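A.B. asks: Just start_28.cif, nothing more (mmCIF, C-alpha atoms and all ligand atoms; chains and numbers go by the auth columns):
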```cif
data_target
#
loop_
_atom_site.group_PDB
_atom_site.id
_atom_site.type_symbol
_atom_site.label_atom_id
_atom_site.label_comp_id
_atom_site.label_asym_id
_atom_site.label_seq_id
_atom_site.Cartn_x
_atom_site.Cartn_y
_atom_site.Cartn_z
_atom_site.B_iso_or_equiv
_atom_site.auth_seq_id
_atom_site.auth_asym_id
ATOM 1 C CA MET A 1 -58.044 20.959 15.578 0.00 170 A
ATOM 2 C CA THR A 2 -57.968 21.809 19.252 0.00 171 A
ATOM 3 C CA LEU A 3 -58.598 25.367 20.279 0.00 172 A
ATOM 4 C CA SER A 4 -55.315 26.340 21.872 0.00 173 A
ATOM 5 C CA CYS A 5 -54.279 29.513 20.085 0.00 174 A
ATOM 6 C CA LEU A 6 -52.008 31.522 22.358 0.00 175 A
ATOM 7 C CA SER A 7 -52.969 35.090 21.663 0.00 176 A
ATOM 8 C CA ASN A 8 -50.572 37.814 22.626 0.00 177 A
ATOM 9 C CA ALA A 9 -52.468 40.979 23.414 0.00 178 A
ATOM 10 C CA ILE A 10 -49.554 43.341 22.827 0.00 179 A
ATOM 11 C CA CYS A 11 -48.713 41.780 19.476 0.00 180 A
ATOM 12 C CA ARG A 12 -52.351 41.974 18.540 0.00 181 A
ATOM 13 C CA ILE A 13 -52.543 45.704 19.268 0.00 182 A
ATOM 14 C CA LEU A 14 -49.295 46.366 17.385 0.00 183 A
ATOM 15 C CA VAL A 15 -50.479 44.403 14.379 0.00 184 A
ATOM 16 C CA THR A 16 -53.792 46.247 14.329 0.00 185 A
ATOM 17 C CA VAL A 17 -52.258 49.717 14.712 0.00 186 A
ATOM 18 C CA SER A 18 -49.508 49.019 12.175 0.00 187 A
ATOM 19 C CA LEU A 19 -52.009 47.575 9.759 0.00 188 A
ATOM 20 C CA PHE A 20 -54.215 50.614 9.641 0.00 189 A
ATOM 21 C CA SER A 21 -51.315 53.030 9.202 0.00 190 A
ATOM 22 C CA ALA A 22 -49.696 50.743 6.624 0.00 191 A
ATOM 23 C CA LEU A 23 -52.911 50.349 4.668 0.00 192 A
ATOM 24 C CA PHE A 24 -53.437 54.110 4.648 0.00 193 A
ATOM 25 C CA LEU A 25 -49.866 54.760 3.462 0.00 194 A
ATOM 26 C CA GLY A 26 -50.143 51.902 0.975 0.00 195 A
ATOM 27 C CA THR A 27 -53.073 53.506 -0.788 0.00 196 A
ATOM 28 C CA ALA A 28 -51.057 56.668 -1.325 0.00 197 A
ATOM 29 C CA THR A 29 -48.050 54.678 -2.601 0.00 198 A
ATOM 30 C CA ARG A 30 -50.181 52.707 -5.039 0.00 199 A
ATOM 31 C CA GLU A 31 -51.777 55.853 -6.416 0.00 200 A
ATOM 32 C CA ALA A 32 -48.356 57.451 -6.838 0.00 201 A
ATOM 33 C CA SER A 33 -46.772 54.448 -8.580 0.00 202 A
ATOM 34 C CA GLY A 34 -49.751 53.558 -10.776 0.00 203 A
ATOM 35 C CA ALA A 35 -48.786 49.846 -10.551 0.00 204 A
ATOM 36 C CA ASP A 36 -51.537 47.245 -10.501 0.00 205 A
ATOM 37 C CA PRO A 37 -51.964 45.619 -7.098 0.00 206 A
ATOM 38 C CA ILE A 38 -52.368 41.845 -6.779 0.00 207 A
ATOM 39 C CA LYS A 39 -56.067 41.248 -6.186 0.00 208 A
ATOM 40 C CA VAL A 40 -56.403 38.723 -3.376 0.00 209 A
ATOM 41 C CA LEU A 41 -59.615 37.177 -2.049 0.00 210 A
ATOM 42 C CA VAL A 42 -59.292 35.655 1.428 0.00 211 A
ATOM 43 C CA VAL A 43 -61.962 33.107 2.364 0.00 212 A
ATOM 44 C CA THR A 44 -61.732 32.488 6.084 0.00 213 A
ATOM 45 C CA GLY A 45 -63.768 31.299 9.064 0.00 214 A
ATOM 46 C CA GLY A 46 -64.863 28.176 10.891 0.00 215 A
ATOM 47 C CA CYS A 47 -63.444 26.172 13.725 0.00 216 A
ATOM 48 C CA CYS A 48 -60.501 26.496 16.006 0.00 217 A
ATOM 49 C CA HIS A 49 -58.414 29.521 15.004 0.00 218 A
ATOM 50 C CA ASP A 50 -58.308 33.337 15.299 0.00 219 A
ATOM 51 C CA TYR A 51 -59.043 34.268 11.689 0.00 220 A
ATOM 52 C CA ASP A 52 -59.389 37.972 12.328 0.00 221 A
ATOM 53 C CA TYR A 53 -55.862 38.150 13.746 0.00 222 A
ATOM 54 C CA GLN A 54 -54.450 35.869 11.054 0.00 223 A
ATOM 55 C CA THR A 55 -55.966 37.900 8.226 0.00 224 A
ATOM 56 C CA LYS A 56 -54.700 41.215 9.604 0.00 225 A
ATOM 57 C CA ALA A 57 -51.244 39.737 10.161 0.00 226 A
ATOM 58 C CA MET A 58 -51.037 38.592 6.516 0.00 227 A
ATOM 59 C CA GLN A 59 -52.122 42.026 5.313 0.00 228 A
ATOM 60 C CA LEU A 60 -49.527 43.756 7.449 0.00 229 A
ATOM 61 C CA ALA A 61 -46.757 41.361 6.391 0.00 230 A
ATOM 62 C CA ALA A 62 -47.442 42.020 2.702 0.00 231 A
ATOM 63 C CA LYS A 63 -47.337 45.743 3.274 0.00 232 A
ATOM 64 C CA GLU A 64 -44.064 45.463 5.198 0.00 233 A
ATOM 65 C CA GLN A 65 -42.539 43.528 2.293 0.00 234 A
ATOM 66 C CA GLY A 66 -43.626 46.246 -0.116 0.00 235 A
ATOM 67 C CA ILE A 67 -46.061 43.914 -1.920 0.00 236 A
ATOM 68 C CA ASP A 68 -49.028 45.864 -3.191 0.00 237 A
ATOM 69 C CA ILE A 69 -52.155 43.789 -2.585 0.00 238 A
ATOM 70 C CA GLU A 70 -55.797 44.782 -2.856 0.00 239 A
ATOM 71 C CA TRP A 71 -57.538 42.568 -0.292 0.00 240 A
ATOM 72 C CA THR A 72 -61.105 41.315 -0.242 0.00 241 A
ATOM 73 C CA ILE A 73 -62.010 39.387 2.895 0.00 242 A
ATOM 74 C CA VAL A 74 -64.927 36.955 3.130 0.00 243 A
ATOM 75 C CA PHE A 75 -65.068 35.929 6.792 0.00 244 A
ATOM 76 C CA GLU A 76 -68.142 33.721 7.179 0.00 245 A
ATOM 77 C CA GLY A 77 -69.416 30.403 8.442 0.00 246 A
ATOM 78 C CA GLY A 78 -69.302 30.894 12.219 0.00 247 A
ATOM 79 C CA LYS A 79 -66.985 28.909 14.483 0.00 248 A
ATOM 80 C CA GLY A 80 -68.212 25.387 13.830 0.00 249 A
ATOM 81 C CA THR A 81 -66.969 22.619 11.561 0.00 250 A
ATOM 82 C CA ARG A 82 -69.886 22.590 9.125 0.00 251 A
ATOM 83 C CA ALA A 83 -70.921 25.564 7.014 0.00 252 A
ATOM 84 C CA LYS A 84 -71.507 26.626 3.456 0.00 253 A
ATOM 85 C CA ILE A 85 -70.206 29.975 2.293 0.00 254 A
ATOM 86 C CA GLU A 86 -72.787 31.878 0.276 0.00 255 A
ATOM 87 C CA LEU A 87 -70.068 33.302 -1.964 0.00 256 A
ATOM 88 C CA TYR A 88 -69.506 29.925 -3.662 0.00 257 A
ATOM 89 C CA GLU A 89 -73.094 29.738 -4.874 0.00 258 A
ATOM 90 C CA LYS A 90 -72.206 32.145 -7.699 0.00 259 A
ATOM 91 C CA SER A 91 -70.570 30.389 -10.656 0.00 260 A
ATOM 92 C CA ASN A 92 -68.229 33.351 -11.191 0.00 261 A
ATOM 93 C CA TRP A 93 -67.330 33.768 -7.508 0.00 262 A
ATOM 94 C CA ALA A 94 -63.610 34.315 -8.140 0.00 263 A
ATOM 95 C CA ASP A 95 -63.851 36.603 -11.158 0.00 264 A
ATOM 96 C CA GLY A 96 -61.439 39.510 -10.984 0.00 265 A
ATOM 97 C CA PHE A 97 -59.125 37.958 -8.384 0.00 266 A
ATOM 98 C CA ASP A 98 -55.503 36.994 -9.038 0.00 267 A
ATOM 99 C CA VAL A 99 -55.290 34.630 -6.053 0.00 268 A
ATOM 100 C CA VAL A 100 -57.726 33.097 -3.547 0.00 269 A
ATOM 101 C CA VAL A 101 -56.338 32.438 -0.057 0.00 270 A
ATOM 102 C CA HIS A 102 -58.237 29.587 1.628 0.00 271 A
ATOM 103 C CA ASN A 103 -57.774 29.847 5.388 0.00 272 A
ATOM 104 C CA GLU A 104 -61.002 28.217 6.465 0.00 273 A
ATOM 105 C CA CYS A 105 -61.845 25.219 8.655 0.00 274 A
ATOM 106 C CA PHE A 106 -65.015 23.238 7.898 0.00 275 A
ATOM 107 C CA ALA A 107 -64.105 19.573 8.327 0.00 276 A
ATOM 108 C CA ASP A 108 -67.658 18.235 8.371 0.00 277 A
ATOM 109 C CA THR A 109 -69.041 19.912 5.256 0.00 278 A
ATOM 110 C CA ASP A 110 -69.287 17.024 2.809 0.00 279 A
ATOM 111 C CA ASP A 111 -71.577 18.109 -0.050 0.00 280 A
ATOM 112 C CA ALA A 112 -69.775 17.074 -3.246 0.00 281 A
ATOM 113 C CA SER A 113 -71.633 19.464 -5.568 0.00 282 A
ATOM 114 C CA TYR A 114 -70.876 22.397 -3.246 0.00 283 A
ATOM 115 C CA ILE A 115 -67.181 21.424 -3.039 0.00 284 A
ATOM 116 C CA ARG A 116 -66.950 21.166 -6.827 0.00 285 A
ATOM 117 C CA LYS A 117 -68.282 24.709 -7.202 0.00 286 A
ATOM 118 C CA ILE A 118 -65.074 25.738 -5.450 0.00 287 A
ATOM 119 C CA THR A 119 -62.604 23.366 -7.078 0.00 288 A
ATOM 120 C CA ASP A 120 -63.969 23.817 -10.631 0.00 289 A
ATOM 121 C CA VAL A 121 -63.167 27.521 -10.501 0.00 290 A
ATOM 122 C CA HIS A 122 -59.590 26.723 -9.486 0.00 291 A
ATOM 123 C CA ARG A 123 -59.254 23.904 -12.016 0.00 292 A
ATOM 124 C CA ASN A 124 -60.121 26.475 -14.697 0.00 293 A
ATOM 125 C CA GLY A 125 -57.201 28.661 -13.696 0.00 294 A
ATOM 126 C CA VAL A 126 -57.735 30.716 -10.525 0.00 295 A
ATOM 127 C CA PRO A 127 -54.565 30.360 -8.397 0.00 296 A
ATOM 128 C CA ALA A 128 -54.766 29.634 -4.682 0.00 297 A
ATOM 129 C CA VAL A 129 -52.913 29.638 -1.405 0.00 298 A
ATOM 130 C CA VAL A 130 -54.107 27.043 1.112 0.00 299 A
ATOM 131 C CA ILE A 131 -53.283 27.373 4.804 0.00 300 A
ATOM 132 C CA HIS A 132 -53.389 24.954 7.757 0.00 301 A
ATOM 133 C CA CYS A 133 -56.993 23.909 8.448 0.00 302 A
ATOM 134 C CA ALA A 134 -57.897 24.252 4.759 0.00 303 A
ATOM 135 C CA MET A 135 -56.208 20.829 4.618 0.00 304 A
ATOM 136 C CA HIS A 136 -58.831 19.365 6.987 0.00 305 A
ATOM 137 C CA THR A 137 -61.716 21.252 5.423 0.00 306 A
ATOM 138 C CA TYR A 138 -64.183 18.891 3.648 0.00 307 A
ATOM 139 C CA ARG A 139 -62.404 16.002 5.388 0.00 308 A
ATOM 140 C CA SER A 140 -65.726 14.160 5.623 0.00 309 A
ATOM 141 C CA ALA A 141 -66.348 14.378 1.886 0.00 310 A
ATOM 142 C CA LYS A 142 -66.258 11.140 -0.092 0.00 311 A
ATOM 143 C CA VAL A 143 -64.991 12.894 -3.238 0.00 312 A
ATOM 144 C CA ASP A 144 -61.294 13.707 -3.611 0.00 313 A
ATOM 145 C CA ASP A 145 -61.588 16.941 -5.613 0.00 314 A
ATOM 146 C CA TRP A 146 -60.635 19.227 -2.738 0.00 315 A
ATOM 147 C CA ARG A 147 -57.644 17.030 -1.756 0.00 316 A
ATOM 148 C CA GLU A 148 -56.381 16.942 -5.332 0.00 317 A
ATOM 149 C CA PHE A 149 -56.730 20.733 -5.415 0.00 318 A
ATOM 150 C CA LEU A 150 -54.754 21.096 -2.178 0.00 319 A
ATOM 151 C CA GLY A 151 -52.053 18.747 -3.454 0.00 320 A
ATOM 152 C CA VAL A 152 -51.978 16.722 -0.225 0.00 321 A
ATOM 153 C CA THR A 153 -54.398 14.493 1.664 0.00 322 A
ATOM 154 C CA SER A 154 -54.336 14.934 5.443 0.00 323 A
ATOM 155 C CA ARG A 155 -56.899 13.867 8.033 0.00 324 A
ATOM 156 C CA HIS A 156 -55.207 14.417 11.378 0.00 325 A
ATOM 157 C CA HIS A 157 -52.375 16.200 13.127 0.00 326 A
ATOM 158 C CA GLU A 158 -49.887 15.524 15.886 0.00 327 A
ATOM 159 C CA HIS A 159 -49.185 17.574 19.027 0.00 328 A
ATOM 160 C CA GLN A 160 -47.974 21.146 19.052 0.00 329 A
ATOM 161 C CA SER A 161 -44.255 21.755 19.186 0.00 330 A
ATOM 162 C CA ARG A 162 -41.578 23.983 17.709 0.00 331 A
ATOM 163 C CA TYR A 163 -40.877 21.965 14.561 0.00 332 A
ATOM 164 C CA ALA A 164 -37.628 22.282 12.611 0.00 333 A
ATOM 165 C CA VAL A 165 -38.267 23.061 8.943 0.00 334 A
ATOM 166 C CA GLU A 166 -35.934 21.498 6.395 0.00 335 A
ATOM 167 C CA VAL A 167 -36.086 23.243 3.047 0.00 336 A
ATOM 168 C CA THR A 168 -35.819 20.645 0.276 0.00 337 A
ATOM 169 C CA GLU A 169 -36.116 23.149 -2.619 0.00 338 A
ATOM 170 C CA LYS A 170 -33.617 25.812 -1.589 0.00 339 A
ATOM 171 C CA ASP A 171 -33.736 27.812 -4.835 0.00 340 A
ATOM 172 C CA HIS A 172 -37.502 28.084 -5.059 0.00 341 A
ATOM 173 C CA PRO A 173 -38.712 31.713 -4.824 0.00 342 A
ATOM 174 C CA ILE A 174 -41.098 30.837 -1.996 0.00 343 A
ATOM 175 C CA THR A 175 -38.656 29.029 0.294 0.00 344 A
ATOM 176 C CA LYS A 176 -35.414 30.823 -0.396 0.00 345 A
ATOM 177 C CA GLY A 177 -36.154 33.252 2.456 0.00 346 A
ATOM 178 C CA ILE A 178 -36.387 30.476 5.050 0.00 347 A
ATOM 179 C CA PRO A 179 -33.085 30.403 6.951 0.00 348 A
ATOM 180 C CA GLU A 180 -31.099 27.282 7.810 0.00 349 A
ATOM 181 C CA GLY A 181 -32.164 25.983 11.217 0.00 350 A
ATOM 182 C CA TYR A 182 -35.578 27.676 11.185 0.00 351 A
ATOM 183 C CA LYS A 183 -38.044 26.347 13.743 0.00 352 A
ATOM 184 C CA THR A 184 -41.735 27.189 13.765 0.00 353 A
ATOM 185 C CA PRO A 185 -43.419 28.766 16.768 0.00 354 A
ATOM 186 C CA MET A 186 -45.617 26.252 18.645 0.00 355 A
ATOM 187 C CA ASP A 187 -47.693 24.688 15.903 0.00 356 A
ATOM 188 C CA GLU A 188 -49.389 21.454 14.904 0.00 357 A
ATOM 189 C CA LEU A 189 -47.734 18.924 12.608 0.00 358 A
ATOM 190 C CA TYR A 190 -50.228 17.714 10.020 0.00 359 A
ATOM 191 C CA ILE A 191 -49.785 14.118 8.913 0.00 360 A
ATOM 192 C CA VAL A 192 -49.929 13.838 5.134 0.00 361 A
ATOM 193 C CA GLU A 193 -51.115 10.446 3.955 0.00 362 A
ATOM 194 C CA LYS A 194 -50.896 11.219 0.243 0.00 363 A
ATOM 195 C CA VAL A 195 -48.898 13.663 -1.856 0.00 364 A
ATOM 196 C CA TRP A 196 -50.731 14.152 -5.162 0.00 365 A
ATOM 197 C CA PRO A 197 -48.784 13.684 -8.439 0.00 366 A
ATOM 198 C CA ASN A 198 -48.510 17.368 -9.425 0.00 367 A
ATOM 199 C CA THR A 199 -47.257 18.418 -5.997 0.00 368 A
ATOM 200 C CA LYS A 200 -43.689 19.567 -5.457 0.00 369 A
ATOM 201 C CA VAL A 201 -42.682 19.453 -1.795 0.00 370 A
ATOM 202 C CA LEU A 202 -40.633 22.538 -0.861 0.00 371 A
ATOM 203 C CA ALA A 203 -39.972 21.853 2.825 0.00 372 A
ATOM 204 C CA THR A 204 -40.581 19.170 5.427 0.00 373 A
ATOM 205 C CA SER A 205 -40.703 18.625 9.183 0.00 374 A
ATOM 206 C CA LYS A 206 -40.229 15.449 11.186 0.00 375 A
ATOM 207 C CA SER A 207 -42.772 13.824 13.467 0.00 376 A
ATOM 208 C CA GLU A 208 -41.529 13.747 17.050 0.00 377 A
ATOM 209 C CA LYS A 209 -43.502 10.542 17.554 0.00 378 A
ATOM 210 C CA THR A 210 -42.495 8.440 14.546 0.00 379 A
ATOM 211 C CA GLY A 211 -39.591 10.281 12.940 0.00 380 A
ATOM 212 C CA GLU A 212 -41.495 10.290 9.648 0.00 381 A
ATOM 213 C CA VAL A 213 -40.985 13.292 7.407 0.00 382 A
ATOM 214 C CA GLN A 214 -44.072 15.359 6.542 0.00 383 A
ATOM 215 C CA PRO A 215 -44.476 17.985 3.792 0.00 384 A
ATOM 216 C CA VAL A 216 -45.119 21.402 5.362 0.00 385 A
ATOM 217 C CA PHE A 217 -44.674 23.768 2.390 0.00 386 A
ATOM 218 C CA TRP A 218 -45.398 22.745 -1.207 0.00 387 A
ATOM 219 C CA THR A 219 -46.666 23.830 -4.595 0.00 388 A
ATOM 220 C CA ASN A 220 -49.271 22.071 -6.702 0.00 389 A
ATOM 221 C CA ASN A 221 -50.533 22.375 -10.261 0.00 390 A
ATOM 222 C CA PHE A 222 -54.285 21.822 -10.278 0.00 391 A
ATOM 223 C CA GLY A 223 -55.736 22.044 -13.758 0.00 392 A
ATOM 224 C CA LYS A 224 -54.608 25.435 -15.006 0.00 393 A
ATOM 225 C CA ALA A 225 -54.020 26.837 -11.511 0.00 394 A
ATOM 226 C CA ARG A 226 -50.950 27.290 -9.386 0.00 395 A
ATOM 227 C CA VAL A 227 -51.470 26.359 -5.746 0.00 396 A
ATOM 228 C CA PHE A 228 -49.156 27.049 -2.810 0.00 397 A
ATOM 229 C CA GLY A 229 -49.829 25.305 0.492 0.00 398 A
ATOM 230 C CA THR A 230 -48.633 25.085 4.062 0.00 399 A
ATOM 231 C CA THR A 231 -49.923 22.937 6.897 0.00 400 A
ATOM 232 C CA TYR A 232 -48.584 25.392 9.481 0.00 401 A
ATOM 233 C CA GLY A 233 -50.622 28.327 10.738 0.00 402 A
ATOM 234 C CA HIS A 234 -52.438 27.096 13.836 0.00 403 A
ATOM 235 C CA SER A 235 -51.671 29.751 16.387 0.00 404 A
ATOM 236 C CA ASN A 236 -51.381 33.492 16.561 0.00 405 A
ATOM 237 C CA ASP A 237 -47.726 32.912 17.462 0.00 406 A
ATOM 238 C CA THR A 238 -47.206 31.472 13.992 0.00 407 A
ATOM 239 C CA PHE A 239 -49.041 34.437 12.494 0.00 408 A
ATOM 240 C CA THR A 240 -46.707 36.730 14.447 0.00 409 A
ATOM 241 C CA ASP A 241 -43.606 34.962 13.120 0.00 410 A
ATOM 242 C CA SER A 242 -41.992 37.099 10.413 0.00 411 A
ATOM 243 C CA ILE A 243 -40.427 34.139 8.575 0.00 412 A
ATOM 244 C CA PHE A 244 -43.724 32.258 8.323 0.00 413 A
ATOM 245 C CA LEU A 245 -45.599 35.390 7.241 0.00 414 A
ATOM 246 C CA ALA A 246 -42.978 36.317 4.642 0.00 415 A
ATOM 247 C CA THR A 247 -43.180 32.783 3.233 0.00 416 A
ATOM 248 C CA VAL A 248 -46.963 33.033 2.909 0.00 417 A
ATOM 249 C CA VAL A 249 -46.649 36.407 1.176 0.00 418 A
ATOM 250 C CA ARG A 250 -44.055 34.997 -1.248 0.00 419 A
ATOM 251 C CA GLY A 251 -46.494 32.144 -1.854 0.00 420 A
ATOM 252 C CA ILE A 252 -49.230 34.610 -2.763 0.00 421 A
ATOM 253 C CA VAL A 253 -46.901 36.434 -5.177 0.00 422 A
ATOM 254 C CA TRP A 254 -45.746 33.137 -6.719 0.00 423 A
ATOM 255 C CA ALA A 255 -49.310 31.835 -7.114 0.00 424 A
ATOM 256 C CA ALA A 256 -50.292 35.098 -8.814 0.00 425 A
ATOM 257 C CA GLY A 257 -47.471 34.527 -11.297 0.00 426 A
ATOM 258 C CA LYS A 258 -45.797 37.800 -10.339 0.00 427 A
HETATM 259 ZN ZN ZN B . -55.075 24.198 14.055 0.00 501 B
#
```
Re-express the file's structure as structure tokens.
Ligand SMILES: [Zn+2]
C.D. replies:
Amino acid sequence: MTLSCLSNAICRILVTVSLFSALFLGTATREASGADPIKVLVVTGGCCHDYDYQTKAMQLAAKEQGIDIEWTIVFEGGKGTRAKIELYEKSNWADGFDVVVHNECFADTDDASYIRKITDVHRNGVPAVVIHCAMHTYRSAKVDDWREFLGVTSRHHEHQSRYAVEVTEKDHPITKGIPEGYKTPMDELYIVEKVWPNTKVLATSKSEKTGEVQPVFWTNNFGKARVFGTTYGHSNDTFTDSIFLATVVRGIVWAAGK
């Protein structure tokens, strides 16, 4: 979880400008069509990554794909590795949302009862998308609830590189937009020590150190909830990559059951 995001100032300005115009136009389109938007809650914050940029990039990508999403952003917890988000104190914290995107990074928060306030809501049927450092969030916890929810157990990552992504489920609606020969922007390879039983691996990448194959995109069934996950998403370069962003958006749509 080193802080080495390579921000690109021009991309950042373009994303921000495009986002505001797209969001404005999107409101008009939604009102004209009368279709229900997907209600997405993004919980983001913590160590090591540019969550403001990443959130805006996801919003813009959805708009560019014509996916109508009503976003609620909870960006809390500072920049450290230990925090508790006030939102989770309410038992009905996810009511009204179709999908919760977890893009947070709190490795040292280890309070089991706090963690179960989050996972119980998902177990009861609230779908989720889990991105990158969500996999190392609650890493210090002794209970496995969060890892079972994610669908993978990971505690460390290898160096940044441009990793080749091999799609193992080519007909899945989430991965069918990933082209043959796709390589990530510079990103970290998370080492997955356990794939949980309800997890279906959609795509893998190979360690440059050991040659071992690691899941990088997957789906999980956790209780009544659909979960889509990816271990990629470290840098702003990844969140500027149209193939990665489109995959995340398809993951949101899939998790919502749309
Ligand atoms: Zn990272």
A.B. asks: Throw together the list of residues within 7 Å of ligand ZN 501 (chain B), counting all atoms listed in the file, and drop it here as a PyMOL selection string.
C.D. replies: chain A and resi 170-171+217-218+301-302+357+402-404
A.B. asks: Set the distance at 8 Å and use only C-alpha atoms: which residues neighbour Glu362 (chain A) once local chain neighbours fewer than 4 positions away are removed? I'd like the list as a ChimeraX atom specification.
C.D. replies: /A:321-324
A.B. asks: Which protein, DNA or RNA residues have an atom at most 10 Å from (-69.7, 29.7, -11.6), counting all atoms listed in the file? List them as a PyMOL selection string.
C.D. replies: chain A and resi 257-264+286-287+289-290
A.B. asks: For region 215-233 of chain A, I'd like the enclosing box, axis-aligned and padded by 8 Å on every side, reported as lines of an AutoDock Vina configuration file with centre and edge lengths in Å to one decimal.
C.D. replies:
```
center_x = -54.5
center_y = 36.0
center_z = 9.4
size_x = 36.8
size_y = 35.6
size_z = 29.3
```
A.B. asks: Go ahead and compute the interatomic distance for CA of Ala281 (chain A) and CA of Ile254 (chain A), in Å to one decimal.
C.D. replies: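 Calculated distance between CA of Ala281 (chain A) and CA of Ile254 (chain A) is 14.0 Å.
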A.B. asks: Between A:Asn390, A:Asn272, A:Thr353, A:Gln329, which has the minimum distance to Asn367 (chain A) (counting only C-alpha atoms)?
C.D. replies: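 Between A:Asn390, A:Asn272, A:Thr353, A:Gln329, the residue approaching Asn367 (chain A) most closely is A:Asn390.
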A.B. asks: Under the rule that only C-alpha atoms are counted, which of A:Thr241, A:Thr278, A:Thr368, A:Ser330 is the nearest residue to Gln228 (chain A)?
C.D. replies: A:Thr241
A.B. asks: Which polymer residues, whether protein, DNA or RNA, lie within 9 Å of the coordinate (-40.2, 18.5, 7.6) when you count only C-alpha atoms? List them as a list in words, using the chain letters and numbers from the file.
C.D. replies: Tyr332, Ala333, Val334, Glu335, Val336, Thr337, Ala372, Thr373, Ser374, Lys375, Ser376, Glu381, Val382, Gln383, Pro384, Val385 and Phe386 of chain A
A.B. asks: Using only C-alpha atoms, pick whichever of A:Val299, A:Val269, A:Ile412, A:Val211 has the shortest atom-to-atom distance to Glu245 (chain A).
C.D. replies: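 For Glu245 (chain A), the nearest of the candidates is A:Val211.
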A.B. asks: What lies within 8 Å of region 418-425 of chain A using only C-alpha atoms, ignoring chain neighbours under 3 positions off, as a PyMOL selection string?
C.D. replies: chain A and resi 207+227+230-231+267-268+270+296-298+342-343+395-398+414-415
A.B. asks: Using the chain letters and residue numbers of this document, give as a PyMOL selection string the residues selected by the PyMOL selection byres (((chain A and resi 212) around 7) and not hetatm).
C.D. replies: chain A and resi 210-211+213+242-244+270-273
A.B. asks: Counting all atoms listed in the file, which of A:Phe408, A:Tyr351, A:Tyr359, A:Trp365 gets nearest to Asp313 (chain A)?
C.D. replies: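 Closest candidate: A:Trp365.
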A.B. asks: Just the number, please: distance in Å from CA of Trp240 (chain A) to CA of Gln223 (chain A), one decimal.
C.D. replies: 13.5 Å
A.B. asks: Would you mind reading off the distance between CA of Glu338 (chain A) and CA of Tyr222 (chain A), one decimal, in Å?
C.D. replies: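 Atom-to-atom, CA of Glu338 (chain A) and CA of Tyr222 (chain A) are spaced 29.7 Å apart.
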A.B. asks: Could you model N, CA and C atoms for region 365-378 of chain A and present them as a compact mmCIF listing (two decimals), in the coordinates of the input?
C.D. replies:
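Dumped everything to selection-v5.txt:
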```txt
# COMPACT_ATOMS: atom_id res chain seq x y z
N TRP A 365 -50.15 14.34 -3.83
CA TRP A 365 -50.73 14.15 -5.16
C TRP A 365 -49.66 14.35 -6.24
N PRO A 366 -49.87 13.76 -7.43
CA PRO A 366 -48.78 13.68 -8.44
C PRO A 366 -48.22 15.02 -8.91
N ASN A 367 -49.02 16.08 -8.93
CA ASN A 367 -48.51 17.37 -9.43
C ASN A 367 -47.94 18.25 -8.32
N THR A 368 -47.76 17.66 -7.15
CA THR A 368 -47.26 18.42 -6.00
C THR A 368 -45.74 18.35 -5.93
N LYS A 369 -45.13 19.52 -5.70
CA LYS A 369 -43.69 19.57 -5.46
C LYS A 369 -43.49 20.01 -4.00
N VAL A 370 -42.92 19.12 -3.21
CA VAL A 370 -42.68 19.45 -1.80
C VAL A 370 -41.50 20.40 -1.70
N LEU A 371 -41.69 21.52 -1.00
CA LEU A 371 -40.63 22.54 -0.86
C LEU A 371 -39.89 22.42 0.47
N ALA A 372 -40.59 21.95 1.50
CA ALA A 372 -39.97 21.85 2.82
C ALA A 372 -40.73 20.83 3.66
N THR A 373 -40.00 20.23 4.60
CA THR A 373 -40.58 19.17 5.43
C THR A 373 -40.26 19.40 6.91
N SER A 374 -41.02 18.71 7.76
CA SER A 374 -40.70 18.62 9.18
C SER A 374 -40.88 17.18 9.61
N LYS A 375 -40.21 16.84 10.72
CA LYS A 375 -40.23 15.45 11.19
C LYS A 375 -41.19 15.27 12.36
N SER A 376 -41.93 14.18 12.32
CA SER A 376 -42.77 13.82 13.47
C SER A 376 -41.89 13.52 14.68
N GLU A 377 -42.28 14.07 15.84
CA GLU A 377 -41.53 13.75 17.05
C GLU A 377 -41.93 12.39 17.60
N LYS A 378 -43.03 11.85 17.09
CA LYS A 378 -43.50 10.54 17.55
C LYS A 378 -42.88 9.41 16.74
```
